[in-house]
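Trainee: Got a structure for you, query_30.cif, holding mmCIF, C-alpha atoms.
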data_entry
loop_
_atom_site.label_atom_id
_atom_site.label_comp_id
_atom_site.auth_asym_id
_atom_site.auth_seq_id
_atom_site.Cartn_x
_atom_site.Cartn_y
_atom_site.Cartn_z
CA MET A 1 139.90 129.27 3.86
CA SER A 2 141.97 126.46 5.40
CA TYR A 3 140.29 123.13 5.96
CA ASN A 4 141.05 123.40 9.68
CA LEU A 5 139.11 126.64 9.97
CA GLU A 6 136.24 125.13 8.00
CA LEU A 7 136.13 122.15 10.38
CA GLN A 8 136.07 124.50 13.36
CA LYS A 9 133.12 126.34 11.80
CA ILE A 10 131.29 123.04 11.29
CA ASN A 11 132.02 122.05 14.87
CA LEU A 12 130.51 125.30 16.14
CA LYS A 13 127.47 124.93 13.90
CA LEU A 14 126.74 121.51 15.39
CA TYR A 15 125.90 123.16 18.73
CA SER A 16 123.02 125.08 17.12
CA ILE A 17 121.37 121.97 15.62
CA THR A 18 119.02 119.74 17.61
CA ASN A 19 117.75 117.31 14.96
CA PRO A 20 120.02 114.22 14.91
CA ASP A 21 119.49 113.62 11.18
CA ASP A 22 120.63 117.17 10.37
CA LYS A 23 123.63 116.71 12.64
CA ILE A 24 124.56 113.45 10.95
CA ILE A 25 124.51 115.11 7.51
CA LEU A 26 126.83 117.84 8.77
CA LEU A 27 129.09 115.35 10.55
CA LYS A 28 129.47 113.30 7.38
CA GLN A 29 130.58 116.46 5.57
CA ALA A 30 133.11 117.15 8.32
CA ILE A 31 134.44 113.56 8.21
CA LEU A 32 134.85 113.75 4.44
CA LEU A 33 136.78 117.01 4.75
CA ALA A 34 138.98 115.66 7.56
CA ASP A 35 139.73 112.47 5.64
CA SER A 36 140.56 114.33 2.44
CA ASN A 37 143.20 116.21 4.42
CA ASN A 38 144.46 113.11 6.30
CA ASP A 39 143.53 114.65 9.64
CA ILE A 40 142.89 111.59 11.78
CA GLU A 41 142.31 113.55 15.00
CA TRP A 42 139.40 115.53 13.56
CA GLY A 43 138.20 112.36 11.84
CA PHE A 44 138.30 110.52 15.15
CA ASP A 45 136.30 113.15 17.06
CA PHE A 46 133.67 113.63 14.36
CA ARG A 47 133.09 109.89 14.01
CA LEU A 48 132.55 109.53 17.76
CA GLU A 49 130.01 112.35 17.58
CA LEU A 50 128.31 110.77 14.56
CA ILE A 51 127.81 107.54 16.52
CA ASN A 52 126.46 109.49 19.49
CA GLU A 53 123.88 111.12 17.22
CA GLU A 54 122.82 107.96 15.42
CA VAL A 55 122.08 106.36 18.79
CA ARG A 56 119.16 108.80 18.97
CA THR A 57 117.65 107.49 15.73
CA SER A 58 115.97 104.19 14.87
CA ARG A 59 118.79 103.38 12.44
CA CYS A 60 122.34 102.09 12.60
CA ILE A 61 123.74 102.77 9.15
CA GLU A 62 126.64 105.18 9.50
CA SER A 63 127.93 103.93 12.85
CA PHE A 64 129.32 100.55 11.81
CA PRO A 65 131.77 101.87 9.17
CA ALA A 66 132.58 104.83 11.44
CA PHE A 67 133.42 102.56 14.37
CA THR A 68 135.44 100.16 12.23
CA TRP A 69 137.55 103.16 11.20
CA LEU A 70 137.87 104.24 14.84
CA LEU A 71 139.11 100.84 16.00
CA GLU A 72 141.61 100.52 13.15
CA THR A 73 142.86 104.06 13.67
CA TYR A 74 143.28 103.56 17.41
CA ASP A 75 145.09 100.23 16.96
CA LYS A 76 147.53 101.90 14.54
CA ASN A 77 147.97 105.02 16.70
CA PRO A 78 147.57 104.02 20.38
CA GLU A 79 149.95 106.80 21.40
CA ILE A 80 147.58 109.47 20.01
CA PHE A 81 144.17 108.31 21.19
CA ASP A 82 142.66 107.03 24.43
CA GLU A 83 140.93 103.69 23.90
CA LYS A 84 138.60 104.47 26.79
CA GLU A 85 136.91 107.07 24.60
CA LEU A 86 135.66 104.26 22.34
CA LEU A 87 134.29 101.79 24.82
CA TRP A 88 130.89 103.33 25.57
CA GLN A 89 130.15 103.52 21.84
CA TYR A 90 131.49 99.98 21.47
CA LYS A 91 128.87 98.72 23.92
CA TRP A 92 126.11 100.24 21.80
CA LEU A 93 127.57 98.88 18.56
CA ALA A 94 127.91 95.42 20.12
CA GLN A 95 124.19 95.48 20.87
CA ALA A 96 123.38 96.94 17.45
CA SER A 97 125.30 94.09 15.82
CA TYR A 98 122.79 91.43 16.86
CA ARG A 99 119.86 93.68 15.96
CA ASN A 100 121.07 93.49 12.34
CA SER A 101 119.93 90.23 10.74
CA ASN A 102 122.73 90.33 8.15
CA ILE A 103 125.55 90.11 10.69
CA GLU A 104 126.60 86.51 11.26
CA LYS A 105 126.53 84.98 14.74
CA GLU A 106 130.27 84.24 14.58
CA GLN A 107 130.97 87.91 13.92
CA ILE A 108 128.72 88.96 16.79
CA GLU A 109 130.60 86.63 19.13
CA LYS A 110 133.92 88.08 17.95
CA ILE A 111 132.61 91.59 18.70
CA PHE A 112 131.55 90.49 22.20
CA GLU A 113 134.97 88.99 22.90
CA ASP A 114 136.83 92.01 21.54
CA LEU A 115 134.72 94.34 23.66
CA LYS A 116 135.38 92.19 26.73
CA SER A 117 139.11 92.17 26.04
CA ARG A 118 139.33 95.94 25.58
CA MET A 119 137.28 96.65 28.71
CA THR A 120 139.47 94.36 30.79
CA LYS A 121 142.64 95.84 29.32
CA ASN A 122 141.50 99.31 30.36
CA GLY A 123 140.83 98.27 33.95
CA TYR A 124 137.06 98.06 33.86
CA SER A 125 134.97 95.38 35.51
CA LEU A 126 132.82 93.09 33.38
CA ARG A 127 129.56 94.60 34.66
CA GLY A 128 129.02 96.64 31.46
CA TYR A 129 129.97 93.68 29.30
CA TYR A 130 127.51 91.47 31.17
CA SER A 131 124.74 93.95 30.36
CA VAL A 132 125.49 93.51 26.66
CA ILE A 133 125.34 89.72 27.02
CA ILE A 134 122.10 89.96 29.01
CA GLY A 135 120.63 91.92 26.11
CA TRP A 136 121.75 89.22 23.69
CA TYR A 137 120.08 86.41 25.63
CA ASP A 138 116.95 88.51 26.04
CA PHE A 139 116.99 89.04 22.28
CA ILE A 140 117.16 85.33 21.43
CA GLY A 141 114.61 84.37 24.09
CA ASP A 142 116.96 82.45 26.41
CA ILE A 143 115.61 83.71 29.73
CA GLU A 144 117.52 81.15 31.79
CA SER A 145 120.89 82.38 30.46
CA MET A 146 119.67 85.97 30.73
CA ASP A 147 118.98 85.45 34.45
CA ALA A 148 122.35 83.76 34.94
CA TYR A 149 124.17 86.79 33.55
CA ILE A 150 122.00 89.17 35.56
CA GLU A 151 123.24 87.31 38.64
CA LEU A 152 126.85 87.62 37.46
CA ARG A 153 126.40 91.31 36.76
CA GLU A 154 124.94 92.00 40.19
CA LYS A 155 128.05 90.50 41.81
CA ASP A 156 130.50 92.61 39.80
CA THR A 157 131.78 96.12 40.45
CA ARG A 158 129.94 99.18 39.13
CA ASP A 159 132.14 101.61 37.16
CA ASP A 160 132.00 104.10 34.29
CA MET A 161 131.27 101.38 31.72
CA SER A 162 128.26 100.00 33.60
CA HIS A 163 124.77 100.55 32.25
CA CYS A 164 122.85 103.09 34.31
CA MET A 165 121.14 101.71 37.41
CA ALA A 166 117.67 102.39 35.98
CA CYS A 167 118.41 100.35 32.85
CA GLU A 168 119.92 97.54 34.91
CA LEU A 169 116.80 97.40 37.05
CA ASP A 170 114.46 97.53 34.05
CA ILE A 171 115.99 94.43 32.46
CA ARG A 172 115.44 92.53 35.72
CA VAL A 173 111.82 93.63 35.60
CA GLU A 174 111.51 92.48 31.99
CA SER A 175 112.85 89.04 32.86
CA GLU A 176 110.15 88.59 35.50
CA LEU A 177 107.41 89.85 33.19
CA LYS A 178 108.44 87.41 30.48
CA LYS A 179 108.18 84.60 33.02
CA GLY A 180 104.73 85.81 34.08
CA ASN A 181 105.89 86.82 37.57
CA VAL A 182 103.91 90.07 37.64
CA ASP A 183 103.92 90.74 41.38
CA ARG A 184 107.64 89.98 41.57
CA ALA A 185 108.22 92.40 38.68
CA ILE A 186 106.20 95.10 40.45
CA ASP A 187 108.25 94.68 43.62
CA ILE A 188 111.54 94.94 41.71
CA ALA A 189 110.35 98.00 39.77
CA HIS A 190 109.52 100.08 42.84
CA ASP A 191 112.49 102.45 42.54
CA LEU A 192 111.59 103.05 38.88
CA PHE A 193 107.95 103.74 39.67
CA VAL A 194 108.82 106.40 42.25
CA LYS A 195 111.67 107.72 40.06
CA LYS A 196 114.33 107.08 42.63
CA LEU A 197 116.09 105.65 39.58
CA SER A 198 115.45 107.12 36.13
CA CYS A 199 117.12 107.94 32.83
CA ALA A 200 116.20 109.01 29.30
CA HIS A 201 114.31 105.72 28.83
CA MET A 202 113.04 104.90 32.31
CA PRO A 203 110.46 104.67 33.75
CA PHE A 204 108.67 105.21 30.41
CA ALA A 205 109.93 101.93 28.92
CA THR A 206 109.11 100.09 32.15
CA PHE A 207 105.53 101.36 32.19
CA CYS A 208 105.12 100.34 28.53
CA LYS A 209 106.32 96.81 29.27
CA PHE A 210 103.92 96.45 32.19
CA ALA A 211 101.00 97.70 30.06
CA TYR A 212 101.91 95.27 27.28
CA TYR A 213 102.59 92.12 29.31
CA LEU A 214 99.73 92.62 31.77
CA ASN A 215 97.32 93.21 28.90
CA LYS A 216 98.41 89.91 27.34
CA LEU A 217 97.69 88.22 30.68
CA GLY A 218 94.26 89.86 30.97
CA ASP A 219 95.37 91.70 34.11
CA SER A 220 93.24 94.83 34.66
CA ARG A 221 96.23 96.68 36.12
CA ALA A 222 97.50 97.09 32.55
CA ALA A 223 95.27 100.16 32.13
CA ASP A 224 96.97 102.00 34.98
CA PHE A 225 100.41 101.31 33.57
CA TYR A 226 99.24 102.46 30.14
CA GLU A 227 98.12 105.79 31.62
CA LYS A 228 101.45 106.20 33.39
CA ALA A 229 103.32 105.43 30.15
CA MET A 230 101.26 107.98 28.21
CA TYR A 231 101.95 110.63 30.84
CA GLU A 232 105.69 110.00 30.53
CA LEU A 233 105.46 110.06 26.73
CA LYS A 234 103.73 113.42 26.82
CA GLU A 235 105.71 115.10 29.58
CA ASN A 236 109.21 113.61 29.70
CA ILE A 237 110.16 111.89 26.43
CA ASP A 238 112.23 113.59 23.75
CA GLU A 239 110.08 113.39 20.62
CA LYS A 240 113.20 113.28 18.45
CA TYR A 241 114.49 110.08 20.10
CA GLU A 242 113.46 107.56 17.43
CA THR A 243 115.02 104.64 19.29
CA PHE A 244 111.76 104.59 21.30
CA LEU A 245 110.00 103.07 18.27
CA SER A 246 109.97 99.54 19.70
CA THR A 247 108.78 100.76 23.09
CA ILE A 248 105.99 102.87 21.63
CA SER A 249 104.88 99.91 19.54
CA LEU A 250 104.09 98.15 22.83
CA LEU A 251 101.59 100.93 23.56
CA ILE A 252 100.07 100.59 20.09
CA ASN A 253 99.68 96.87 20.74
CA TYR A 254 97.94 97.57 24.05
CA LEU A 255 95.59 100.02 22.36
CA ILE A 256 94.63 97.63 19.56
CA TYR A 257 92.72 95.64 22.18
CA ASN A 258 91.49 98.60 24.23
CA ASP A 259 91.12 101.74 22.06
CA ARG A 260 91.61 101.12 18.33
CA GLU A 261 91.15 104.75 17.32
CA LYS A 262 93.91 105.82 19.70
CA ALA A 263 96.04 102.98 18.29
CA PHE A 264 95.61 104.41 14.78
CA GLU A 265 96.55 107.84 16.13
CA LEU A 266 99.84 106.56 17.57
CA PHE A 267 100.53 104.54 14.44
CA GLU A 268 100.12 107.61 12.24
CA LYS A 269 102.35 109.68 14.49
CA TYR A 270 105.23 107.23 14.98
CA SER A 271 105.24 104.95 11.92
CA PRO A 272 107.58 107.35 10.01
CA TRP A 273 110.30 106.32 12.49
CA ASP A 274 109.99 102.82 11.05
CA PHE A 275 111.49 103.90 7.73
CA ASN A 276 114.98 102.45 7.31
CA SER A 277 115.09 101.43 10.98
CA GLU A 278 117.17 98.59 12.40
CA ASP A 279 115.98 95.08 11.55
CA SER A 280 114.95 94.25 15.10
CA LEU A 281 112.95 97.49 15.39
CA GLN A 282 111.22 96.68 12.11
CA PHE A 283 110.32 93.26 13.47
CA ASP A 284 109.03 94.62 16.79
CA PHE A 285 107.01 97.34 15.10
CA SER A 286 105.57 94.96 12.49
CA VAL A 287 104.48 92.39 15.07
CA ASN A 288 103.03 94.94 17.48
CA VAL A 289 100.94 96.83 14.90
CA LEU A 290 99.90 93.70 12.99
CA ASN A 291 96.44 93.20 14.44
CA LEU A 292 95.54 96.84 13.97
CA PHE A 293 94.98 95.88 10.34
CA ASN A 294 93.60 92.36 10.76
CA VAL A 295 90.05 93.42 9.85
CA GLU A 296 88.11 93.75 6.64
CA GLY A 297 87.55 97.10 4.97
CA SER A 298 89.48 100.25 4.24
CA ARG A 299 90.00 103.62 5.89
CA LYS A 300 91.85 106.88 5.58
CA ILE A 301 95.25 106.68 7.27
CA ARG A 302 98.04 109.24 7.32
CA ILE A 303 101.06 107.27 6.18
CA SER A 304 104.51 108.66 5.39
CA ALA A 305 105.41 108.96 1.72
CA THR A 306 108.38 106.71 2.53
CA HIS A 307 106.04 103.77 3.26
CA PRO A 308 106.11 101.11 0.49
CA LEU A 309 102.30 101.11 0.32
CA TYR A 310 101.90 104.89 0.32
CA SER A 311 98.99 106.17 -1.75
CA ASP A 312 98.18 109.78 -2.66
CA SER A 313 94.54 109.04 -1.93
CA GLY A 314 95.28 108.25 1.72
CA GLU A 315 92.80 105.36 1.52
CA TYR A 316 94.13 101.92 2.43
CA ASN A 317 92.79 98.41 2.37
CA LEU A 318 93.51 97.24 5.92
CA LYS A 319 94.23 93.66 4.87
CA ASP A 320 96.91 94.96 2.48
CA LEU A 321 98.65 96.63 5.41
CA TYR A 322 98.26 93.45 7.47
CA SER A 323 99.92 91.43 4.71
CA TYR A 324 102.75 93.93 4.40
CA TYR A 325 103.61 93.88 8.11
CA TYR A 326 103.07 90.14 8.45
CA ASN A 327 105.34 89.30 5.52
CA ARG A 328 108.02 91.68 6.72
CA ALA A 329 107.91 90.21 10.22
CA LEU A 330 107.98 86.67 8.84
CA ASP A 331 110.99 87.40 6.64
CA LEU A 332 112.91 88.90 9.55
CA ALA A 333 111.85 86.05 11.84
CA HIS A 334 113.33 83.54 9.40
CA LYS A 335 116.57 85.52 9.17
CA PHE A 336 117.02 86.05 12.90
CA ASP A 337 116.07 82.51 13.89
CA ALA A 338 118.31 80.95 11.23
CA ARG A 339 121.25 83.00 12.45
CA ASN A 340 120.53 82.62 16.16
CA LYS A 341 119.57 78.93 15.84
CA THR A 342 116.34 79.47 17.80
CA ASP A 343 112.59 79.69 17.14
CA ASN A 344 112.17 82.82 19.24
CA PHE A 345 111.12 85.25 16.52
CA LYS A 346 108.80 82.76 14.81
CA ASN A 347 107.15 82.10 18.17
CA LEU A 348 106.71 85.82 18.88
CA LEU A 349 105.02 86.29 15.52
CA THR A 350 102.82 83.22 15.98
CA LYS A 351 101.66 84.37 19.42
CA GLU A 352 100.62 87.75 18.06
CA THR A 353 98.72 86.30 15.10
CA MET A 354 96.79 84.16 17.60
CA SER A 355 95.94 87.12 19.86
CA LYS A 356 92.33 88.23 20.06
#
Kindly return the structure encoded in the file as structure tokens.
Mentor:
Amino acid sequence: MSYNLELQKINLKLYSITNPDDKIILLKQAILLADSNNDIEWGFDFRLELINEEVRTSRCIESFPAFTWLLETYDKNPEIFDEKELLWQYKWLAQASYRNSNIEKEQIEKIFEDLKSRMTKNGYSLRGYYSVIIGWYDFIGDIESMDAYIELREKDTRDDMSHCMACELDIRVESELKKGNVDRAIDIAHDLFVKKLSCAHMPFATFCKFAYYLNKLGDSRAADFYEKAMYELKENIDEKYETFLSTISLLINYLIYNDREKAFELFEKYSPWDFNSEDSLQFDFSVNVLNLFNVEGSRKIRISATHPLYSDSGEYNLKDLYSYYYNRALDLAHKFDARNKTDNFKNLLTKETMSK
């Protein structure tokens, strides 16, 4: 059988698979076969698809080398490929770059500038680029710069490289919540609440943020937003979309202070997504589940066999789990803050350890 026919068979098989991890395994096989036969066109298409699948997981392992190959291959063969095909994936990889604590700030800035250059060269506005930069400033805790770029984004033209309108609105809401402007955030979020604007993430992520931030402020309206978030999680969220790990951890955090048994239930269900996840997701998850274990005693907990503290007995000392998540969060906080030249992650961890 020719390699081309084998690749076509793999391509057809991909349509029958729904699990992203299974698809990634098959795509890696296809890429290896295409590369061994020097078929850059098949290699190009399969790598784009691999990145699209890994977006649905909590990891970003295969996408960086795949995208590096894509950029190099396009730059060597611009007459064969359309650079526009790469730019949506480039936006995601640009954001994934700063979520990885091992990527230097200088390299992140080079990625931002290269993305900006390629978007401009292809006739796009900077609206999509601004969304990436807004995410960066949100990530490092610079809300003033975040707001400045939100203002720039709102003045620029919407096009095919823009984030969806629901995601754009949600980040405005998050800015207000982080500043403690709850009523302003509620006003801005109206179109998300009534689902005039929605996407794969919204309004679920928005409801989770309101439940989390309002609970921290002692605002009784947090309970209503929690119920709305749980409804969305049950009815409208793809259970295979592991990138929701950070968002779901906000619900676990809410429940720690309102319904600990339900918090343990969500932890048991979603903690397997934490295995091998992106650094920033590991930090978010660690911080948000931390106080679930900040009590004396032990209990039976269903933990994935991939967890470093996994025990066949299923019985765990809660303080051991607290120490594990605290030390992991602290290590990542040091790495992120040293690279970003901020105290944002240390402050986030400190605030949670002081929560009651």
Trainee: So which residues get picked by the PyMOL selection byres ((chain A and resi 67) around 12) here, written as a tab-separated table (two decimals) with C-alpha atoms, in the coordinates of the input?
Mentor:
chain	number	residue	atom	x	y	z
A	43	GLY	CA	138.20	112.36	11.84
A	44	PHE	CA	138.30	110.52	15.15
A	45	ASP	CA	136.30	113.15	17.06
A	46	PHE	CA	133.67	113.63	14.36
A	47	ARG	CA	133.09	109.89	14.01
A	48	LEU	CA	132.55	109.53	17.76
A	49	GLU	CA	130.01	112.35	17.58
A	50	LEU	CA	128.31	110.77	14.56
A	51	ILE	CA	127.81	107.54	16.52
A	52	ASN	CA	126.46	109.49	19.49
A	54	GLU	CA	122.82	107.96	15.42
A	60	CYS	CA	122.34	102.09	12.60
A	61	ILE	CA	123.74	102.77	9.15
A	62	GLU	CA	126.64	105.18	9.50
A	63	SER	CA	127.93	103.93	12.85
A	64	PHE	CA	129.32	100.55	11.81
A	65	PRO	CA	131.77	101.87	9.17
A	66	ALA	CA	132.58	104.83	11.44
A	68	THR	CA	135.44	100.16	12.23
A	69	TRP	CA	137.55	103.16	11.20
A	70	LEU	CA	137.87	104.24	14.84
A	71	LEU	CA	139.11	100.84	16.00
A	72	GLU	CA	141.61	100.52	13.15
A	73	THR	CA	142.86	104.06	13.67
A	74	TYR	CA	143.28	103.56	17.41
A	85	GLU	CA	136.91	107.07	24.60
A	86	LEU	CA	135.66	104.26	22.34
A	87	LEU	CA	134.29	101.79	24.82
A	88	TRP	CA	130.89	103.33	25.57
A	89	GLN	CA	130.15	103.52	21.84
A	90	TYR	CA	131.49	99.98	21.47
A	91	LYS	CA	128.87	98.72	23.92
A	92	TRP	CA	126.11	100.24	21.80
A	93	LEU	CA	127.57	98.88	18.56
A	94	ALA	CA	127.91	95.42	20.12
A	96	ALA	CA	123.38	96.94	17.45
A	97	SER	CA	125.30	94.09	15.82
A	111	ILE	CA	132.61	91.59	18.70
Trainee: Translate the PyMOL selection byres ((chain A and resi 344) around 9), as applied to the file shown, into an explicit residue set as a ChimeraX atom specification.
Mentor: /A:139-142,333,336-337,340,342-343,345-349
Trainee: Go through the shown structure with the PyMOL selection byres ((chain A and resi 292) around 8) and write out the matching residues as a list of chain:residue names.
Mentor: A:Asn253, A:Ile256, A:Arg260, A:Ala263, A:Phe264, A:Val289, A:Leu290, A:Asn291, A:Phe293, A:Asn294, A:Val295, A:Tyr322
Trainee: Give me, please, the distance in Å between CA of Tyr241 (chain A) and CA of Leu266 (chain A), quoted to one decimal.
Mentor: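 Computing the Euclidean distance for CA of Tyr241 (chain A) and CA of Leu266 (chain A) yields 15.3 Å.
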Trainee: Please indicate the distance in Å from CA of Ile133 (chain A) to CA of Asp147 (chain A), rounded to one decimal place.
Mentor: 10.7 Å
Trainee: When you look at region 155-172 of chain A with a cut-off of 7 Å (counting all atoms listed in the file), what residues show up, excluding the ones that are within fewer than 2 positions of it in the same chain? I need them as a VMD selection string.
Mentor: chain A and resid 88 124 to 128 131 151 to 153 174 to 176 192 197 to 199 202 206
Trainee: May I have the residues within 10 Å of Glu296 (chain A) as a VMD selection string, using all atoms listed in the file and disregarding those fewer than 6 positions away in the same chain?
Mentor: chain A and resid 317 to 320
Trainee: Expressed in Å to a single decimal, how great is the separation between CA of Gly135 (chain A) and CA of Arg59 (chain A)?
Mentor: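 So the two atoms, CA of Gly135 (chain A) and CA of Arg59 (chain A), lie 17.9 Å apart.
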Trainee: Hey, which of A:Glu352, A:Asp35, A:Glu261, A:Glu239 ends up closest to Trp273 (chain A)? Count all atoms listed in the file.
Mentor: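 Among the listed residues, A:Glu239 lies closest to Trp273 (chain A).
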Trainee: With only C-alpha atoms as the atoms that count, which of A:Ala305, A:Leu330, A:Phe207, A:Leu245 lies nearest to Arg221 (chain A)?
Mentor: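 Of A:Ala305, A:Leu330, A:Phe207, A:Leu245, the one nearest Arg221 (chain A) is A:Phe207, counting only C-alpha atoms.
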